[in-house]
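These notes are about the structure you will find just below.
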Amino acid sequence: NPDHPGDHKLGTSGVPIPAVTLDAILAEHDDPDVSLVKIDVQGAEMLVLRGASRMLERCSPALFIEIDDAALRHQHSNARELAGFLAALGYRGYRLRRFRSPEPIASATLEHDGYQDVLFLSSRSAPIVP
């Protein structure tokens, strides 16, 4: 985006740059353990998750993901697909609220609540204790 240096998106025009997967980056560095991943890629979150499948299976890191169903749809995905992909790996989403315990959220909610940041924890992670 020439008007906003922090608002870059995948598209058919603009400046081409190489893309690599998280799995490839980690493999180049002897597959270190990963405990937290923040994903904010303007609707291309499913591409990131698919490119991190080996790391997700191996490490089950906490995932802090920006979810915007409209942006996901623009990249040929949607919030339901994202939630289903993660649920199949044993993840559950939590809404974080200031001064309150994390609240589990239903995947259907992700489609209707607009932009939101969601913490996904694997069933293999330590439980959240209020």
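Chain labels run A, B, ... following the order of the structure tokens; each chain numbers its residues from 1, and ligands are numbered from 1 in the order shown.
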Could you give me, as a Markdown table, every stretch 84-119 of chain A residue with an atom at most 12 Å from stretch 19-43 of chain A, plus its closest atom pair and distance in Å to one decimal, counting only C-alpha atoms, rows ordered by chain then number?
| residue | atom | partner | partner_atom | distance |
| --- | --- | --- | --- | --- |
| A:Tyr115 | CA | A:Gln42 | CA | 10.5 |
| A:Gln116 | CA | A:Asp40 | CA | 10.6 |
| A:Asp117 | CA | A:Asp40 | CA | 9.0 |
| A:Val118 | CA | A:Lys38 | CA | 10.0 |
| A:Leu119 | CA | A:Lys38 | CA | 9.2 |
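Considering only C-alpha atoms, the residue among A:Leu82, A:Leu89, A:Thr12, A:Leu96 positioned nearest to A:Pro61 is A:Leu89.
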- Item | Long-range neighbours of A:Pro104 as a list in words, 7 Å cut-off, only C-alpha atoms, 2 positions minimum in chain | Gly93, Tyr94, Arg95, Pro102 and Ala106 of chain A
- Skipping near chain neighbours, those fewer than 4 positions away, what residues fall within 10 Å of A:Leu86 using only C-alpha atoms, listed as a count of residues only? 14
- Message: Taking the DSSP secondary structure from the backbone, can you list the residues of stretch 3-75 of chain A that are helix (DSSP H, G or I), as a PyMOL selection string?
- Response: chain A and resi 22-28+45-50+53-59+69-74
- Message: Would you compute the distance between atom CA of A:Ser13 and atom CA of A:Gly114? Give it in Å to one decimal.
- Response: 26.5 Å
- Query: Just how far from atom CA of A:Ser77 is atom CA of A:Leu10, in Å to one decimal?
  - Reply: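 We find that atom CA of A:Leu10 and atom CA of A:Ser77 lie 13.3 Å from each other.
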